[in-house]
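Here is the structure we will look at, set down as C-alpha cells.
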Amino acid sequence: MATMSGRFNTISLVADEALTAHTFVTLSSDAEAAYVAADGDDAIGVAIGAADAAKMVTVQIDGIAMVKANEAISAGAAVSSDTAGEAIPAAAGEARLGYALEAASGAGEIISVLLKPAGADAA
C-alpha cells in the first residue's frame with residue numbers, strides 16, 4: 001500500500017509542461033518543473049499533484065513519496081525516472097532517485113519510494 005509518511009519538504013514551481021501526479025520532475029533551463037529529457041537523468045523530486053503548463057505544482061523533494069511505476073519494480077530496488085516521470089529500475093550509470101519501499105507488479109501502480117539526494121548514480 002503506497003503511503004506518504006514522515007516529515008518531508010516541498011517546493012512550489014511553475015510547470016514547464018503538463019505534469020501528472022506522482023511523477024518525478026527536474027528543473028528545466030528556465031527553472032520550471034519538467035520531465036527528464038532521457039531515461040535515467042537526474043530529477044529533483046516528485047510532483048504531488050497534476051498541473052497544466054504554466055501553472056503551479058508542488059514538488060516533494062525528500063522523505064517518502066508516492067510514485068507511479070512504469071514497469072515491475074522489486075521492493076528495495078533503486079529507482080530512476082523515465083521521460084514521463086514514472087519510476088523504473090535504475091540501470092548502471094543512471095541517477096538513483098530513491099528506493100522502492102514496496103514492489104510494483106507493473107505499469108501504473110503507485111508505490112512508496114524513499115527519495116534520495118540527487119547525484120548518486122546506480123552502480
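By order in the C-alpha cells, chains are A, B, ...; within a chain, residues start at 1; ligands start at 1, following the order shown.
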
### Task
Please provide the set of residues having any atom within 9 Å of segment 70-75 of chain A, restricted to only C-alpha atoms, with same-chain residues fewer than 5 positions apart removed, written as an MDAnalysis selection string.
chainID A and resid 81:82 84:89 99:109

### Message
Taking the DSSP secondary structure from the backbone, can you list the residues of chain A that are strand (DSSP E or B), as a ChimeraX atom specification?
### Response
/A:10-15,19,23-27,33-34,45-47,51,56-60,64-69,73,78-81,87-89,95,98-100,104,110-115,121

For the residues in that selection, give me N, CA and C atoms as a compact mmCIF listing (two decimals), in the first residue's frame.
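part-v7.txt was written with the following content:
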# COMPACT_ATOMS: atom_id res chain seq x y z
N THR A 10 8.63 20.36 0.65
CA THR A 10 8.11 20.59 -0.69
C THR A 10 8.54 21.97 -1.16
N ILE A 11 8.55 22.14 -2.47
CA ILE A 11 8.77 23.45 -3.08
C ILE A 11 7.67 23.65 -4.11
N SER A 12 7.37 24.88 -4.43
CA SER A 12 6.38 25.19 -5.46
C SER A 12 7.11 25.74 -6.68
N LEU A 13 6.77 25.19 -7.82
CA LEU A 13 7.38 25.61 -9.09
C LEU A 13 6.31 25.79 -10.14
N VAL A 14 6.63 26.55 -11.17
CA VAL A 14 5.77 26.65 -12.35
C VAL A 14 6.04 25.41 -13.20
N ALA A 15 5.00 24.80 -13.71
CA ALA A 15 5.15 23.63 -14.58
C ALA A 15 5.54 24.08 -15.99
N LEU A 19 1.99 18.17 -16.27
CA LEU A 19 2.59 17.16 -15.41
C LEU A 19 1.52 16.31 -14.76
N THR A 23 4.75 11.78 -10.23
CA THR A 23 5.82 11.57 -11.20
C THR A 23 7.04 12.40 -10.85
N PHE A 24 8.23 11.86 -11.20
CA PHE A 24 9.48 12.58 -10.98
C PHE A 24 9.57 13.77 -11.91
N VAL A 25 10.13 14.88 -11.40
CA VAL A 25 10.36 16.06 -12.22
C VAL A 25 11.77 16.59 -11.97
N THR A 26 12.26 17.35 -12.93
CA THR A 26 13.55 18.02 -12.82
C THR A 26 13.32 19.50 -13.09
N LEU A 27 14.39 20.27 -13.09
CA LEU A 27 14.29 21.69 -13.42
C LEU A 27 14.64 21.89 -14.88
N ALA A 33 9.39 23.21 -13.45
CA ALA A 33 9.28 21.76 -13.30
C ALA A 33 8.99 21.11 -14.64
N ALA A 34 9.78 20.06 -14.97
CA ALA A 34 9.63 19.37 -16.24
C ALA A 34 10.04 17.91 -16.08
N GLY A 45 12.69 15.86 -7.56
CA GLY A 45 11.63 15.44 -6.66
C GLY A 45 10.45 14.87 -7.41
N VAL A 46 9.29 14.82 -6.71
CA VAL A 46 8.08 14.20 -7.24
C VAL A 46 6.93 15.20 -7.20
N ALA A 47 6.25 15.37 -8.33
CA ALA A 47 5.05 16.21 -8.37
C ALA A 47 3.96 15.54 -7.55
N ALA A 51 -0.53 19.17 -12.87
CA ALA A 51 -0.52 20.61 -13.18
C ALA A 51 -0.46 20.80 -14.69
N MET A 56 1.15 26.38 -11.23
CA MET A 56 2.00 26.00 -10.11
C MET A 56 1.81 24.52 -9.78
N VAL A 57 2.92 23.89 -9.38
CA VAL A 57 2.90 22.49 -8.96
C VAL A 57 3.73 22.37 -7.69
N THR A 58 3.28 21.53 -6.76
CA THR A 58 4.03 21.26 -5.54
C THR A 58 4.89 20.04 -5.78
N VAL A 59 6.18 20.18 -5.45
CA VAL A 59 7.16 19.11 -5.68
C VAL A 59 7.73 18.68 -4.33
N GLN A 60 7.59 17.40 -4.02
CA GLN A 60 8.18 16.84 -2.80
C GLN A 60 9.64 16.54 -3.09
N ILE A 64 9.39 10.12 2.08
CA ILE A 64 8.76 9.00 1.39
C ILE A 64 7.66 9.56 0.50
N ALA A 65 7.79 9.33 -0.80
CA ALA A 65 6.84 9.87 -1.78
C ALA A 65 6.08 8.74 -2.46
N MET A 66 4.89 9.05 -2.92
CA MET A 66 4.11 8.12 -3.74
C MET A 66 4.49 8.39 -5.20
N VAL A 67 4.95 7.34 -5.90
CA VAL A 67 5.44 7.49 -7.26
C VAL A 67 4.81 6.43 -8.15
N LYS A 68 4.43 6.85 -9.35
CA LYS A 68 3.84 5.94 -10.33
C LYS A 68 4.95 5.13 -11.01
N ALA A 69 4.79 3.81 -11.03
CA ALA A 69 5.75 2.91 -11.68
C ALA A 69 5.42 2.75 -13.16
N ILE A 73 8.74 -3.40 -10.43
CA ILE A 73 9.89 -2.96 -9.63
C ILE A 73 9.88 -3.78 -8.35
N ALA A 78 16.73 0.21 -6.33
CA ALA A 78 17.00 1.62 -6.65
C ALA A 78 16.14 1.98 -7.85
N VAL A 79 15.55 3.18 -7.82
CA VAL A 79 14.70 3.60 -8.93
C VAL A 79 15.23 4.87 -9.57
N SER A 80 14.90 5.00 -10.84
CA SER A 80 15.23 6.17 -11.64
C SER A 80 13.93 6.63 -12.30
N SER A 81 14.03 7.57 -13.23
CA SER A 81 12.85 8.10 -13.91
C SER A 81 12.94 7.89 -15.40
N ALA A 87 8.57 5.85 -12.35
CA ALA A 87 9.68 5.09 -11.79
C ALA A 87 10.01 3.88 -12.63
N ILE A 88 11.32 3.68 -12.82
CA ILE A 88 11.86 2.49 -13.48
C ILE A 88 13.04 2.01 -12.65
N PRO A 89 13.38 0.73 -12.73
CA PRO A 89 14.58 0.29 -12.01
C PRO A 89 15.80 1.05 -12.53
N ALA A 95 20.80 8.01 -12.74
CA ALA A 95 20.59 8.65 -11.45
C ALA A 95 19.72 7.76 -10.57
N GLY A 98 15.92 7.14 -5.61
CA GLY A 98 15.40 6.63 -4.35
C GLY A 98 15.31 5.13 -4.39
N TYR A 99 14.63 4.59 -3.37
CA TYR A 99 14.49 3.14 -3.23
C TYR A 99 13.02 2.79 -3.05
N ALA A 100 12.57 1.78 -3.81
CA ALA A 100 11.20 1.32 -3.70
C ALA A 100 11.00 0.65 -2.34
N ALA A 104 6.21 -3.06 -7.20
CA ALA A 104 5.19 -2.71 -8.18
C ALA A 104 5.08 -3.89 -9.13
N ILE A 110 1.00 2.74 -8.11
CA ILE A 110 1.60 3.77 -7.26
C ILE A 110 2.29 3.07 -6.09
N ILE A 111 3.59 3.37 -5.90
CA ILE A 111 4.36 2.75 -4.83
C ILE A 111 5.03 3.81 -3.96
N SER A 112 5.40 3.43 -2.75
CA SER A 112 6.14 4.31 -1.85
C SER A 112 7.62 4.23 -2.19
N VAL A 113 8.24 5.39 -2.34
CA VAL A 113 9.67 5.47 -2.66
C VAL A 113 10.35 6.39 -1.65
N LEU A 114 11.42 5.90 -1.04
CA LEU A 114 12.25 6.73 -0.16
C LEU A 114 13.17 7.54 -1.07
N LEU A 115 12.94 8.86 -1.13
CA LEU A 115 13.72 9.72 -2.01
C LEU A 115 15.13 9.90 -1.46
N ASP A 121 24.64 8.02 -8.73
CA ASP A 121 24.32 7.14 -9.84
C ASP A 121 24.30 5.69 -9.40

Taking 4 positions as the minimum chain separation for residues in the same chain, which residues sit within 10 Å of Glu17 of chain A when counting only C-alpha atoms? Answer as a PDB file with C-alpha atoms, in the first residue's frame.
ATOM      1  CA  SER A  28      14.092  22.977 -16.976  1.00  0.00           C
ATOM      2  CA  GLU A  32      10.457  25.295 -14.115  1.00  0.00           C
ATOM      3  CA  ALA A  33       9.280  21.757 -13.297  1.00  0.00           C
ATOM      4  CA  ALA A  34       9.627  19.367 -16.242  1.00  0.00           C
ATOM      5  CA  TYR A  35      10.102  15.694 -17.023  1.00  0.00           C
ATOM      6  CA  ALA A  51      -0.520  20.607 -13.181  1.00  0.00           C
ATOM      7  CA  ASP A  52      -1.095  22.166 -16.585  1.00  0.00           C
ATOM      8  CA  ALA A  53       1.758  24.010 -18.282  1.00  0.00           C
ATOM      9  CA  ALA A  54       2.414  27.456 -16.748  1.00  0.00           C
ATOM     10  CA  LYS A  55       0.503  26.526 -13.565  1.00  0.00           C
TER      11      LYS A  55
END

### Task
Grab the atom CA of Gly93 of chain A to atom CA of Ala37 of chain A distance for me, in Å with one decimal place.
15.4 Å

### Nearest to Ile61 of chain A by atom-to-atom distance, counting only C-alpha atoms, from A:Leu97, A:Ser29, A:Ala18, A:Gly76
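So, comparing all the options, the nearest one is A:Leu97.
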
### Query
Which distance in Å separates atom CA of His22 of chain A and atom CA of Glu94 of chain A, to one decimal?
19.9 Å
